[in-house]
Every structure is written in structure tokens, then in C-alpha cells.
file coords_1.cif (mmCIF, C-alpha atoms)
data_coords
#
loop_
_atom_site.label_atom_id
_atom_site.label_comp_id
_atom_site.auth_asym_id
_atom_site.auth_seq_id
_atom_site.Cartn_x
_atom_site.Cartn_y
_atom_site.Cartn_z
CA MET A 1 108.78 93.28 116.98
CA LEU A 2 107.15 96.63 116.14
CA LEU A 3 103.76 95.28 117.21
CA SER A 4 105.16 94.58 120.69
CA THR A 5 105.93 98.26 121.36
CA PRO A 6 102.55 98.79 123.09
CA LEU A 7 104.06 96.70 125.91
CA ALA A 8 106.85 99.20 126.56
CA LEU A 9 104.44 102.13 126.30
CA SER A 10 102.00 100.54 128.76
CA ILE A 11 104.75 99.70 131.27
CA LYS A 12 106.22 103.21 131.16
CA GLN A 13 102.83 104.82 131.61
CA ARG A 14 102.22 102.76 134.75
CA PHE A 15 105.80 102.85 136.05
CA PRO A 16 107.60 105.89 134.57
CA ASN A 17 110.89 104.99 136.26
CA ALA A 18 110.93 101.40 135.02
CA ARG A 19 113.76 100.40 132.70
CA VAL A 20 112.45 98.52 129.67
CA ASP A 21 115.02 96.61 127.61
CA TYR A 22 114.52 94.43 124.53
CA LEU A 23 116.27 91.30 123.30
CA VAL A 24 115.92 90.99 119.51
CA PHE A 25 117.60 89.36 116.55
CA LYS A 26 120.58 91.27 115.22
CA GLY A 27 119.57 93.37 112.24
CA THR A 28 116.08 94.17 113.54
CA GLU A 29 117.07 96.59 116.30
CA GLY A 30 116.66 99.68 114.10
CA ILE A 31 112.89 99.62 114.60
CA LEU A 32 113.46 100.50 118.29
CA GLU A 33 116.31 102.95 117.77
CA LYS A 34 114.51 106.16 118.74
CA ASN A 35 111.66 104.71 120.79
CA PRO A 36 111.49 106.87 123.95
CA HIS A 37 110.10 103.99 126.03
CA VAL A 38 113.01 101.62 125.39
CA HIS A 39 116.18 101.94 127.48
CA ARG A 40 118.46 99.40 125.82
CA VAL A 41 118.31 96.83 123.04
CA HIS A 42 120.29 93.59 123.30
CA THR A 43 120.85 91.69 120.06
CA LEU A 44 121.05 87.99 119.40
CA ALA A 45 122.38 86.26 116.30
CA PRO A 46 119.80 84.06 114.54
CA GLY A 47 119.98 80.45 115.65
CA LEU A 48 120.36 79.12 119.14
CA GLY A 49 122.30 82.13 120.38
CA SER A 50 125.59 82.22 122.25
CA PRO A 51 126.89 82.16 125.83
CA LYS A 52 127.83 85.83 125.45
CA ALA A 53 124.28 86.80 124.50
CA PHE A 54 122.90 84.65 127.31
CA SER A 55 125.17 86.32 129.86
CA LYS A 56 123.90 89.76 128.84
CA VAL A 57 120.48 89.04 130.29
CA PHE A 58 120.94 86.16 132.76
CA GLY A 59 119.34 87.07 136.10
CA ARG A 60 119.48 90.80 135.40
CA TYR A 61 115.81 91.67 135.45
CA ASP A 62 112.89 91.74 137.85
CA PHE A 63 110.44 90.72 135.13
CA ALA A 64 110.82 89.25 131.66
CA ILE A 65 108.01 89.05 129.11
CA GLY A 66 108.14 86.78 126.07
CA VAL A 67 106.10 88.03 123.14
CA ASN A 68 105.95 84.86 121.04
CA PRO A 69 105.57 81.12 121.75
CA SER A 70 109.01 79.99 120.56
CA ASP A 71 111.17 77.73 122.70
CA ARG A 72 114.05 80.21 122.52
CA THR A 73 111.89 83.04 123.82
CA ALA A 74 110.67 80.97 126.77
CA ILE A 75 114.22 79.95 127.73
CA TYR A 76 115.59 83.48 127.58
CA ALA A 77 112.62 84.90 129.53
CA ALA A 78 113.03 82.31 132.27
CA ALA A 79 116.77 82.93 132.46
CA ALA A 80 116.54 86.71 132.50
CA ALA A 81 114.27 87.35 135.48
CA ARG A 82 112.92 86.11 138.77
CA HIS A 83 109.41 86.45 137.37
CA SER A 84 108.98 85.33 133.76
CA ILE A 85 105.85 85.58 131.65
CA GLY A 86 105.54 83.79 128.35
CA PHE A 87 103.37 82.05 125.81
CA SER A 88 102.67 78.41 125.05
CA TYR A 89 100.19 76.59 122.86
CA LEU A 90 99.57 74.44 125.98
CA LEU A 91 99.66 71.28 123.89
CA GLY A 92 101.53 68.13 124.85
CA HIS A 93 104.85 69.01 123.22
CA ASP A 94 104.68 72.56 124.56
CA ARG A 95 103.58 72.03 128.17
CA TRP A 96 107.13 72.05 129.54
CA LYS A 97 106.95 75.84 129.37
CA THR A 98 104.32 75.84 132.12
CA ARG A 99 107.00 74.48 134.48
CA LEU A 100 109.74 76.75 133.22
CA LEU A 101 107.91 80.08 133.28
CA SER A 102 106.46 81.83 136.33
CA ASP A 103 103.32 82.62 134.36
CA CYS A 104 102.64 80.70 131.16
CA ARG A 105 99.69 81.90 129.11
CA LEU A 106 97.88 80.49 126.10
CA TYR A 107 99.07 81.77 122.74
CA ASP A 108 95.62 82.25 121.23
CA ASP A 109 96.24 82.81 117.54
CA SER A 110 92.58 83.59 116.94
CA LYS A 111 93.33 87.07 118.33
CA HIS A 112 95.09 89.99 116.75
CA ILE A 113 98.73 90.07 117.80
CA VAL A 114 98.52 93.49 119.54
CA PRO A 115 95.88 92.63 122.18
CA LEU A 116 97.37 89.14 122.44
CA VAL A 117 100.79 90.53 123.37
CA LEU A 118 99.23 93.09 125.71
CA SER A 119 97.49 90.27 127.58
CA GLN A 120 100.93 89.47 129.02
CA LEU A 121 100.52 92.52 131.27
CA GLU A 122 97.53 91.06 133.13
CA PRO A 123 99.65 89.25 135.78
CA LEU A 124 101.40 92.56 136.50
CA GLY A 125 98.18 94.54 136.87
CA ILE A 126 99.24 97.01 134.17
CA ALA A 127 96.52 98.58 132.05
CA PRO A 128 97.13 98.03 128.32
CA GLU A 129 97.70 100.99 126.02
CA PRO A 130 97.10 99.65 122.50
CA ARG A 131 99.29 102.06 120.57
CA VAL A 132 102.13 100.96 118.30
CA VAL A 133 105.15 103.28 118.52
CA ILE A 134 107.73 104.22 115.89
CA LYS A 135 109.73 107.45 116.19
CA PHE A 136 112.07 109.59 114.15
CA ASP A 137 113.83 112.87 114.83
CA GLN A 138 114.43 116.27 113.25
CA GLN A 139 117.50 115.04 111.40
CA ASP A 140 115.55 112.19 109.80
CA ALA A 141 112.77 114.57 108.81
CA ALA A 142 115.11 117.17 107.33
CA PHE A 143 116.91 114.51 105.31
CA THR A 144 113.75 113.01 103.84
CA ARG A 145 112.21 116.41 103.13
CA GLY A 146 115.35 117.36 101.20
CA GLU A 147 115.27 114.05 99.32
CA LEU A 148 111.57 113.81 98.54
CA GLY A 149 109.92 117.21 98.92
CA ASN A 150 106.31 116.99 100.04
CA ASN A 151 104.13 116.02 97.06
CA TYR A 152 104.52 112.25 97.06
CA VAL A 153 103.14 108.91 98.16
CA VAL A 154 105.29 106.02 99.36
CA LEU A 155 105.18 102.59 97.69
CA HIS A 156 106.74 99.62 99.50
CA PRO A 157 106.52 96.44 97.39
CA TYR A 158 109.13 94.21 99.00
CA THR A 159 108.59 90.86 100.65
CA ARG A 160 110.61 87.69 100.97
CA GLN A 161 107.45 85.61 101.26
CA SER A 162 106.07 84.78 97.82
CA TYR A 163 102.53 84.51 99.17
CA LYS A 164 102.61 88.26 99.96
CA TYR A 165 103.99 89.30 96.56
CA TRP A 166 102.07 91.63 94.23
CA PRO A 167 103.41 91.25 90.67
CA ALA A 168 105.97 93.71 89.31
CA GLU A 169 103.64 94.61 86.43
CA SER A 170 100.93 95.58 88.92
CA TRP A 171 103.27 97.85 90.87
CA ALA A 172 104.46 99.54 87.67
CA LYS A 173 100.89 100.16 86.49
CA PHE A 174 99.80 101.42 89.91
CA ALA A 175 102.71 103.89 90.06
CA ALA A 176 101.79 105.18 86.60
CA LEU A 177 98.18 105.69 87.69
CA VAL A 178 99.27 107.68 90.73
CA GLU A 179 101.52 109.98 88.73
CA CYS A 180 99.19 110.42 85.73
CA GLU A 181 95.93 110.90 87.63
CA THR A 182 96.96 112.65 90.86
CA GLY A 183 100.02 114.68 89.85
CA MET A 184 101.96 113.33 92.81
CA LYS A 185 105.18 111.37 92.73
CA ALA A 186 104.88 107.65 93.38
CA VAL A 187 108.13 107.01 95.26
CA PHE A 188 109.38 103.48 95.77
CA THR A 189 111.38 102.64 98.85
CA ARG A 190 114.78 100.99 98.40
CA SER A 191 116.49 98.27 100.39
CA ARG A 192 119.95 96.95 101.22
CA SER A 193 118.67 93.45 100.48
CA ALA A 194 119.74 92.01 97.13
CA HIS A 195 116.42 90.16 97.02
CA ASP A 196 114.46 93.40 97.42
CA GLU A 197 116.61 95.22 94.90
CA GLN A 198 115.85 92.47 92.39
CA GLN A 199 112.15 93.06 92.98
CA PHE A 200 112.64 96.78 92.32
CA SER A 201 114.60 95.94 89.15
CA ASP A 202 111.70 93.75 88.01
CA ILE A 203 109.26 96.63 88.58
CA GLN A 204 111.51 99.04 86.66
CA LYS A 205 111.69 96.54 83.80
CA ALA A 206 107.89 96.25 83.81
CA ALA A 207 107.63 100.06 83.62
CA GLY A 208 109.54 100.02 80.33
CA ASN A 209 111.01 103.38 79.34
CA THR A 210 109.37 105.19 82.24
CA ARG A 211 111.95 105.80 84.94
CA LEU A 212 110.48 105.09 88.36
CA ASN A 213 110.87 107.51 91.25
CA SER A 214 112.62 105.93 94.20
CA PHE A 215 114.73 106.71 97.24
CA SER A 216 118.26 107.69 96.24
CA ARG A 217 119.62 105.03 98.59
CA PRO A 218 118.28 102.61 101.19
CA PHE A 219 116.98 104.64 104.13
CA THR A 220 117.44 103.71 107.76
CA LEU A 221 114.23 102.63 109.48
CA THR A 222 113.88 106.01 111.20
CA GLU A 223 114.46 107.81 107.89
CA LEU A 224 111.84 105.53 106.35
CA ALA A 225 109.44 106.48 109.16
CA ALA A 226 110.02 110.17 108.43
CA ALA A 227 109.50 109.59 104.70
CA ILE A 228 106.23 107.76 105.30
CA ARG A 229 105.00 110.43 107.71
CA GLY A 230 105.84 113.22 105.28
CA GLY A 231 103.92 111.75 102.36
CA HIS A 232 100.28 112.04 101.36
CA GLY A 233 99.75 108.30 101.65
CA TYR A 234 101.29 104.86 101.62
CA ILE A 235 100.68 101.53 99.89
CA GLY A 236 102.43 98.29 100.69
CA VAL A 237 102.14 94.58 101.25
CA ASP A 238 101.98 92.86 104.64
CA THR A 239 105.37 93.90 106.03
CA VAL A 240 106.90 95.99 108.80
CA ALA A 241 106.81 99.20 106.74
CA THR A 242 103.02 98.88 106.47
CA HIS A 243 102.74 98.53 110.24
CA MET A 244 104.99 101.59 110.55
CA ALA A 245 102.61 103.59 108.36
CA ALA A 246 99.69 102.56 110.56
CA ALA A 247 101.60 103.52 113.73
CA LEU A 248 102.42 106.90 112.18
CA GLU A 249 98.71 107.33 111.40
CA VAL A 250 99.33 107.94 107.72
CA PRO A 251 96.46 107.00 105.36
CA LEU A 252 97.39 103.69 103.79
CA ILE A 253 96.42 100.77 101.62
CA ALA A 254 97.63 97.35 102.77
CA LEU A 255 97.52 94.57 100.18
CA PHE A 256 96.78 91.16 101.67
CA GLY A 257 96.59 87.77 100.00
CA PRO A 258 96.10 84.53 101.95
CA THR A 259 97.27 85.99 105.29
CA PHE A 260 94.76 86.29 108.14
CA VAL A 261 94.03 90.00 108.52
CA HIS A 262 92.36 89.40 111.89
CA ASN A 263 95.79 88.28 113.18
CA TRP A 264 98.18 90.57 111.34
CA GLY A 265 96.27 93.54 109.94
CA PRO A 266 97.78 97.02 110.45
CA TRP A 267 96.80 98.13 113.94
CA PRO A 268 94.60 101.27 114.25
CA ASN A 269 96.19 103.06 117.18
CA GLY A 270 93.90 103.47 120.16
CA TRP A 271 91.56 100.63 119.17
CA GLN A 272 90.20 99.28 122.46
CA THR A 273 88.49 95.99 121.68
CA ASP A 274 90.05 92.63 120.87
CA ASN A 275 90.06 92.85 117.10
CA PRO A 276 89.31 95.56 114.54
CA TYR A 277 89.12 93.06 111.68
CA GLY A 278 86.74 90.35 110.59
CA ARG A 279 87.79 86.86 109.55
CA THR A 280 86.62 87.01 105.94
CA GLY A 281 88.26 88.68 102.96
CA GLY A 282 87.21 91.83 101.16
CA ILE A 283 87.92 95.48 101.89
CA GLN A 284 88.13 96.48 105.55
CA GLN A 285 88.68 100.04 106.74
CA HIS A 286 89.39 101.65 110.10
CA GLY A 287 90.14 105.36 109.99
CA GLY A 288 92.98 105.89 107.54
CA ILE A 289 93.80 102.17 107.30
CA THR A 290 92.33 100.24 104.37
CA VAL A 291 93.07 96.56 103.86
CA VAL A 292 92.46 95.35 100.29
CA GLN A 293 91.99 91.61 100.02
CA HIS A 294 89.96 89.49 97.61
CA ASP A 295 86.55 88.37 98.84
CA TRP A 296 86.78 84.91 97.31
CA PRO A 297 85.37 82.07 99.43
CA CYS A 298 88.87 80.63 99.88
CA VAL A 299 90.37 83.92 101.12
CA PRO A 300 92.05 84.00 103.54
CA CYS A 301 93.32 80.45 103.59
CA GLY A 302 96.48 81.03 105.64
CA LEU A 303 98.52 78.90 103.23
CA GLN A 304 101.86 79.76 101.67
CA ALA A 305 101.03 78.00 98.39
CA CYS A 306 97.81 78.36 96.41
CA PRO A 307 95.87 75.07 96.14
CA ILE A 308 93.70 76.35 93.26
CA SER A 309 96.54 77.68 91.10
CA LYS A 310 97.68 75.71 88.07
CA ARG A 311 100.70 77.99 87.52
CA ASN A 312 102.28 78.06 90.97
CA LYS A 313 101.07 81.61 91.70
CA ILE A 314 99.20 83.17 94.62
CA GLU A 315 96.04 83.81 92.65
CA CYS A 316 94.34 86.13 95.15
CA MET A 317 97.35 88.49 94.93
CA GLU A 318 97.74 88.13 91.17
CA ALA A 319 94.07 89.04 90.68
CA LEU A 320 94.24 92.38 92.53
CA SER A 321 94.09 94.75 89.58
CA PRO A 322 96.11 98.00 89.70
CA ARG A 323 93.06 100.01 88.63
CA ALA A 324 90.87 98.55 91.37
CA VAL A 325 93.58 99.19 93.96
CA PHE A 326 94.03 102.74 92.67
CA VAL A 327 90.30 103.41 92.98
CA GLU A 328 90.48 102.43 96.64
CA PHE A 329 93.66 104.47 97.08
CA GLU A 330 92.10 107.57 95.56
CA LYS A 331 88.89 107.21 97.54
CA ARG A 332 90.13 106.07 100.91
CA VAL A 333 93.65 107.48 101.13
CA LEU A 334 93.71 110.69 99.12
CA GLY A 335 90.14 111.41 100.19
CA PHE A 336 90.87 110.76 103.85
CA ASN A 337 90.86 113.82 106.11
CA LYS A 338 94.42 113.53 107.36
CA PRO A 339 95.26 114.73 110.88
CA HIS A 340 98.41 116.43 109.53
CA SER A 341 99.02 118.68 106.58
CA SER A 342 102.80 118.80 106.76
CA MET A 343 105.65 116.89 108.35
CA LEU A 344 105.19 117.17 112.10
CA LEU A 345 108.15 116.09 114.19
CA PRO A 346 107.74 114.19 117.47
CA ALA A 347 110.82 115.58 119.20
CA LEU A 348 111.03 113.12 122.06
#

call {"tool": "encode", "arguments": {"input": "coords_1.cif", "output": "C-alpha cells"}}
result
Amino acid sequence: MLLSTPLALSIKQRFPNARVDYLVFKGTEGILEKNPHVHRVHTLAPGLGSPKAFSKVFGRYDFAIGVNPSDRTAIYAAAAARHSIGFSYLLGHDRWKTRLLSDCRLYDDSKHIVPLVLSQLEPLGIAPEPRVVIKFDQQDAAFTRGELGNNYVVLHPYTRQSYKYWPAESWAKFAALVECETGMKAVFTRSRSAHDEQQFSDIQKAAGNTRLNSFSRPFTLTELAAAIRGGHGYIGVDTVATHMAAALEVPLIALFGPTFVHNWGPWPNGWQTDNPYGRTGGIQQHGGITVVQHDWPCVPCGLQACPISKRNKIECMEALSPRAVFVEFEKRVLGFNKPHSSMLLPAL
């Protein structure tokens, strides 16, 4: 959802008086909470939805834009507005959407998701503004400054997809390298998810008697944004927090395994061409964003299980050594000429 925020920005720049609302799954709305371009956020329970949720949007809009090719998205877009724009793979089983939607466009998954989503503005004649937006306020900033100070880097290890997982031992060793060799605190985020908290517990266990620095409690998404912005850098796996760090223009390391970076890499704000990333693995950098991925011939494979592993592991993630990642972090993040030297607050 975060990577669709360039849509709202582009619409508001062209039509400042337009009202831009979102329909999202319940539990994800926090990412839009303080976005100045979003008027209202409707929520929908996972699954097929409900008549109540349907009635919230039915026929209430002039235009509706679907940002993914799911059947549910197409149905809600068509129901919400006189003019509906959506995606389809345009294959046999998916062609019914061309009859349902006013404007049905090819979901071309060879493109990065940001320019792909922005292509939905072409029928409306709206110029795309490829900037991902996440905001926080003075209260968020004051809270995180009081909690964390200013001499820290943020570590976000959590993922529910095993193919994105960097081992607990690697996170523990990386945190130790940061604290021993830079003098800064390596601060782990925390989560309300029991699954994520188990991952943190595994990292703490791997660290032995060394007590890890972490948030005192799970932060809200806007507090997390303030914490990321106030730090000297960020490292995380392929998850929404990493895209937040890119949107906040904080120097970062993103750890990728088998995932296609050219589809889902952190977006460098203001990038004007179709894709900032190549299709092969290895290290790729744009400004303060550095993607670290193995350069093996099989990477990226796009698979959720590793066909070469004999131990049911994602070998390209397992093989990313903490020392090698730290070298890139020290060189490309701590050595990056940051555009901010303290916590600047976008009071919008």
C-alpha cells in the first residue's frame, strides 16, 4: 500500500481540491494515518468483505483506481465509481475484468511497482510524481527522540515470509559490529506480532549475554517513521519498514534473497525512468539506497523455497555474512552524505 502513495500525491498536485480516499485491509491503515494527500481511509476485513464495507464505497466516487490485479480490487473499483481503472493479466481467466472496468490495463510485472501503479493515471491525463510518501508529526518525533536519543541506527529484521529471513545469528553479529566498530547503538524495532517477537527472542538468544538495544514497546507506524528518520541509518529485509526508510530518504541497506529487486526494490524518490534496478543479483545502489543481494547465477529466482538447498533453507540469505553486510553499511550508509543532520519534522 505504501508504494501506491505516489498516486495520491500526483492526483493532488494536478487537482488540489480533489478528495482522495483509500480502501485497505483492516490493520494496514496506519501507513496512511498522517498522509496529507489522503482524505479518508476505509477498511475492509480480510476475505471477501462484507455488505457494510461494500456500502461504504458503492457509487460514491467519480473515479476509482485499483492498484493490484486481484479480483476483489476489480470488483470494488467497478462498484465504487462511474469510471473505474484497474489491472488485469489479460489472460483467458482474467479477461472478464475488461468488461467490468471502464479502463482495464495490463499488469506488467516486469516493471517496478511504482511506475506500474502510476501508469493508472494515464487515462486521466495526470502527470506522475514518483515519490513515495510517509509522514509523522512533532509528537511522534518528540517521543522517539526521548526514547532513542540521536546516536543510533535502526535494525528491522522481521518478516513472515521465510524466503526473506536473515538468520538470527547474523542479526546478532551485525548488531555487535555496529556497536563495537561505530560507537552507535544498534536499535532493533519491536512488533505487536507474536511471530515477530519470537524472531527478536531468537536474535537475543543468539547474542548470548549481550543485551540487545530495542524499542521499549512496539511503535505505531508514524512513530516508527520518526525513529527511522532520526537515526543515522537503517538496515532491514524486504518489508514495509524498508520502503518507509527509502521514502524518508534515510541511508539504508536492504537485504534481498530470491525476490526480484527490479519489481520490489526500495524506491529512490524522484526517479523518473521505468526502473532504477537491474534484473540480476549483486549490490545495487541509488543515492542512499543500497540493495545487498547475492550475485549467484540463480539469484534472483523468485521462488519461495530454495531448489539448491539440502537443508530447507534460503541459501542466498543464509550466505550473506554479517561482516560483508557491515562493510557495505559502513561504506554506503555511514559514509553517505546525508541531506539531514538532525531530526527534521515535516509539519504538514

call {"tool": "residues_around", "arguments": {"input": "coords_1.cif", "residues": "Tyr61 in chain A", "least_positions_apart": "2", "cutoff": "7 Å", "atoms": "only C-alpha atoms", "output": "mmCIF file with C-alpha atoms, in the coordinates of the input"}}
result
data_model
loop_
_atom_site.group_PDB
_atom_site.id
_atom_site.type_symbol
_atom_site.label_atom_id
_atom_site.label_comp_id
_atom_site.auth_asym_id
_atom_site.auth_seq_id
_atom_site.Cartn_x
_atom_site.Cartn_y
_atom_site.Cartn_z
ATOM 1 C CA GLY A 59 119.340 87.070 136.100
ATOM 2 C CA PHE A 63 110.440 90.720 135.130
ATOM 3 C CA ALA A 64 110.820 89.250 131.660
ATOM 4 C CA ALA A 80 116.540 86.710 132.500
ATOM 5 C CA ALA A 81 114.270 87.350 135.480
#

call {"tool": "closest_residue", "arguments": {"input": "coords_1.cif", "among": "A:Glu147, A:Asp108, A:Asp71, A:Glu122", "to": "Glu223 in chain A", "atoms": "only C-alpha atoms"}}
result
A:Glu147

call {"tool": "resolve_selection", "arguments": {"input": "coords_1.cif", "expression": "the PyMOL selection byres ((chain A and resi 308-315) around 12)", "output": "PyMOL selection string"}}
result
chain A and resi 161-167+256-259+293-294+296-307+316-321

call {"tool": "resolve_selection", "arguments": {"input": "coords_1.cif", "expression": "the PyMOL selection byres ((chain A and resi 224) around 9)", "output": "PyMOL selection string"}}
result
chain A and resi 136+140+144+189+218-223+225-229+241+244

call {"tool": "residues_around", "arguments": {"input": "coords_1.cif", "residues": "Ser70 in chain A", "least_positions_apart": "3", "cutoff": "10 Å", "atoms": "all atoms listed in the file", "output": "PDB file with C-alpha atoms, keeping the file's coordinate frame"}}
result
ATOM      1  CA  GLY A  66     108.140  86.780 126.070  1.00  0.00           C
ATOM      2  CA  VAL A  67     106.100  88.030 123.140  1.00  0.00           C
ATOM      3  CA  THR A  73     111.890  83.040 123.820  1.00  0.00           C
ATOM      4  CA  ALA A  74     110.670  80.970 126.770  1.00  0.00           C
ATOM      5  CA  ILE A  75     114.220  79.950 127.730  1.00  0.00           C
ATOM      6  CA  GLY A  86     105.540  83.790 128.350  1.00  0.00           C
ATOM      7  CA  PHE A  87     103.370  82.050 125.810  1.00  0.00           C
ATOM      8  CA  SER A  88     102.670  78.410 125.050  1.00  0.00           C
ATOM      9  CA  TYR A  89     100.190  76.590 122.860  1.00  0.00           C
ATOM     10  CA  ASP A  94     104.680  72.560 124.560  1.00  0.00           C
ATOM     11  CA  LYS A  97     106.950  75.840 129.370  1.00  0.00           C
TER      12      LYS A  97
END

call {"tool": "resolve_selection", "arguments": {"input": "coords_1.cif", "expression": "the PyMOL selection byres ((chain A and resi 269-279) around 8)", "output": "ChimeraX atom specification"}}
result
/A:111-112,115,129-132,246-247,249,260-262,265,267-268,280-281,284,286,300

call {"tool": "closest_residue", "arguments": {"input": "coords_1.cif", "among": "A:Ala142, A:Val178, A:Ala168, A:Ala245", "to": "Ile203 in chain A", "atoms": "only C-alpha atoms"}}
result
A:Ala168

call {"tool": "atom_distance", "arguments": {"input": "coords_1.cif", "atom1": "CA of Pro251 in chain A", "atom2": "CA of Ile289 in chain A"}}
result
5.8 Å

call {"tool": "atom_distance", "arguments": {"input": "coords_1.cif", "atom1": "CA of Arg99 in chain A", "atom2": "CA of Ile85 in chain A"}}
result
11.5 Å

call {"tool": "atom_distance", "arguments": {"input": "coords_1.cif", "atom1": "CA of Val333 in chain A", "atom2": "CA of Ala8 in chain A"}}
result
29.8 Å

call {"tool": "closest_residue", "arguments": {"input": "coords_1.cif", "among": "A:Asn68, A:Thr182, A:Gln139, A:Gln120", "to": "Pro6 in chain A", "atoms": "only C-alpha atoms"}}
result
A:Gln120

call {"tool": "residues_around", "arguments": {"input": "coords_1.cif", "residues": "Leu148 in chain A", "least_positions_apart": "5", "cutoff": "10 Å", "atoms": "all atoms listed in the file", "output": "tab-separated table (two decimals) with C-alpha atoms, keeping the file's coordinate frame"}}
result
chain	number	residue	atom	x	y	z
A	143	PHE	CA	116.91	114.51	105.31
A	153	VAL	CA	103.14	108.91	98.16
A	185	LYS	CA	105.18	111.37	92.73
A	187	VAL	CA	108.13	107.01	95.26
A	213	ASN	CA	110.87	107.51	91.25
A	214	SER	CA	112.62	105.93	94.20
A	215	PHE	CA	114.73	106.71	97.24
A	216	SER	CA	118.26	107.69	96.24
A	227	ALA	CA	109.50	109.59	104.70
A	230	GLY	CA	105.84	113.22	105.28
A	231	GLY	CA	103.92	111.75	102.36

call {"tool": "closest_residue", "arguments": {"input": "coords_1.cif", "among": "A:Arg72, A:Lys12, A:His39, A:Arg211", "to": "Phe54 in chain A", "atoms": "only C-alpha atoms"}}
result
A:Arg72

call {"tool": "closest_residue", "arguments": {"input": "coords_1.cif", "among": "A:Phe15, A:Tyr76, A:Phe329, A:Trp264", "to": "Gly125 in chain A", "atoms": "all atoms listed in the file"}}
result
A:Phe15

call {"tool": "closest_residue", "arguments": {"input": "coords_1.cif", "among": "A:Ile235, A:Val24, A:Asn151, A:Gly288", "to": "Phe188 in chain A", "atoms": "all atoms listed in the file"}}
result
A:Ile235

call {"tool": "residues_around", "arguments": {"input": "coords_1.cif", "residues": "Thr290 in chain A", "least_positions_apart": "6", "cutoff": "7 Å", "atoms": "all atoms listed in the file", "output": "list in words"}}
result
Leu252, Ile253, Ala254, Ile283 and Gln284 of chain A

call {"tool": "write_last_selection", "arguments": {"input": "coords_1.cif", "atoms": "C-alpha atoms", "output": "PDB file, in the frame of the given file"}}
result
ATOM      1  CA  LEU A 252      97.390 103.690 103.790  1.00  0.00           C
ATOM      2  CA  ILE A 253      96.420 100.770 101.620  1.00  0.00           C
ATOM      3  CA  ALA A 254      97.630  97.350 102.770  1.00  0.00           C
ATOM      4  CA  ILE A 283      87.920  95.480 101.890  1.00  0.00           C
ATOM      5  CA  GLN A 284      88.130  96.480 105.550  1.00  0.00           C
TER       6      GLN A 284
END

call {"tool": "decode", "arguments": {"input": "coords_1.cif", "residues": "range 80-127 of chain A", "atoms": "C-alpha atoms", "output": "short mmCIF file (atom, residue, chain, number, x, y, z; two decimals), in the first residue's frame"}}
result
data_model
loop_
_atom_site.label_atom_id
_atom_site.label_comp_id
_atom_site.auth_asym_id
_atom_site.auth_seq_id
_atom_site.Cartn_x
_atom_site.Cartn_y
_atom_site.Cartn_z
CA ALA A 80 -17.27 2.49 -6.32
CA ALA A 81 -17.26 4.82 -9.31
CA ARG A 82 -18.72 5.70 -12.67
CA HIS A 83 -15.24 5.48 -14.17
CA SER A 84 -13.11 2.59 -12.90
CA ILE A 85 -9.49 1.88 -13.77
CA GLY A 86 -7.87 -1.41 -12.89
CA PHE A 87 -5.35 -4.09 -13.71
CA SER A 88 -5.63 -7.49 -15.36
CA TYR A 89 -3.13 -10.02 -16.63
CA LEU A 90 -5.33 -10.05 -19.79
CA LEU A 91 -5.19 -13.84 -19.92
CA GLY A 92 -8.18 -16.07 -20.54
CA HIS A 93 -9.26 -16.48 -16.92
CA ASP A 94 -8.75 -12.77 -16.25
CA ARG A 95 -10.35 -11.15 -19.30
CA TRP A 96 -13.72 -10.64 -17.60
CA LYS A 97 -12.20 -7.57 -15.97
CA THR A 98 -12.00 -5.86 -19.36
CA ARG A 99 -15.82 -5.90 -19.44
CA LEU A 100 -16.24 -4.90 -15.82
CA LEU A 101 -13.84 -1.96 -15.67
CA SER A 102 -14.07 1.27 -17.65
CA ASP A 103 -10.35 1.09 -18.37
CA CYS A 104 -8.56 -2.22 -17.86
CA ARG A 105 -4.79 -2.13 -18.21
CA LEU A 106 -2.13 -4.82 -18.38
CA TYR A 107 -0.50 -5.69 -15.08
CA ASP A 108 3.06 -5.86 -16.40
CA ASP A 109 5.06 -7.47 -13.63
CA SER A 110 8.31 -6.88 -15.49
CA LYS A 111 8.10 -3.28 -14.24
CA HIS A 112 8.81 -1.84 -10.84
CA ILE A 113 5.59 -1.47 -8.86
CA VAL A 114 5.83 2.34 -8.50
CA PRO A 115 5.82 3.27 -12.22
CA LEU A 116 3.41 0.41 -12.86
CA VAL A 117 0.86 1.82 -10.40
CA LEU A 118 1.42 5.35 -11.70
CA SER A 119 0.56 4.16 -15.21
CA GLN A 120 -3.05 4.03 -13.99
CA LEU A 121 -3.09 7.83 -14.22
CA GLU A 122 -2.60 7.86 -17.99
CA PRO A 123 -6.34 7.66 -18.83
CA LEU A 124 -6.90 10.68 -16.57
CA GLY A 125 -4.16 12.76 -18.14
CA ILE A 126 -2.43 13.26 -14.79
CA ALA A 127 1.35 13.60 -14.79
#
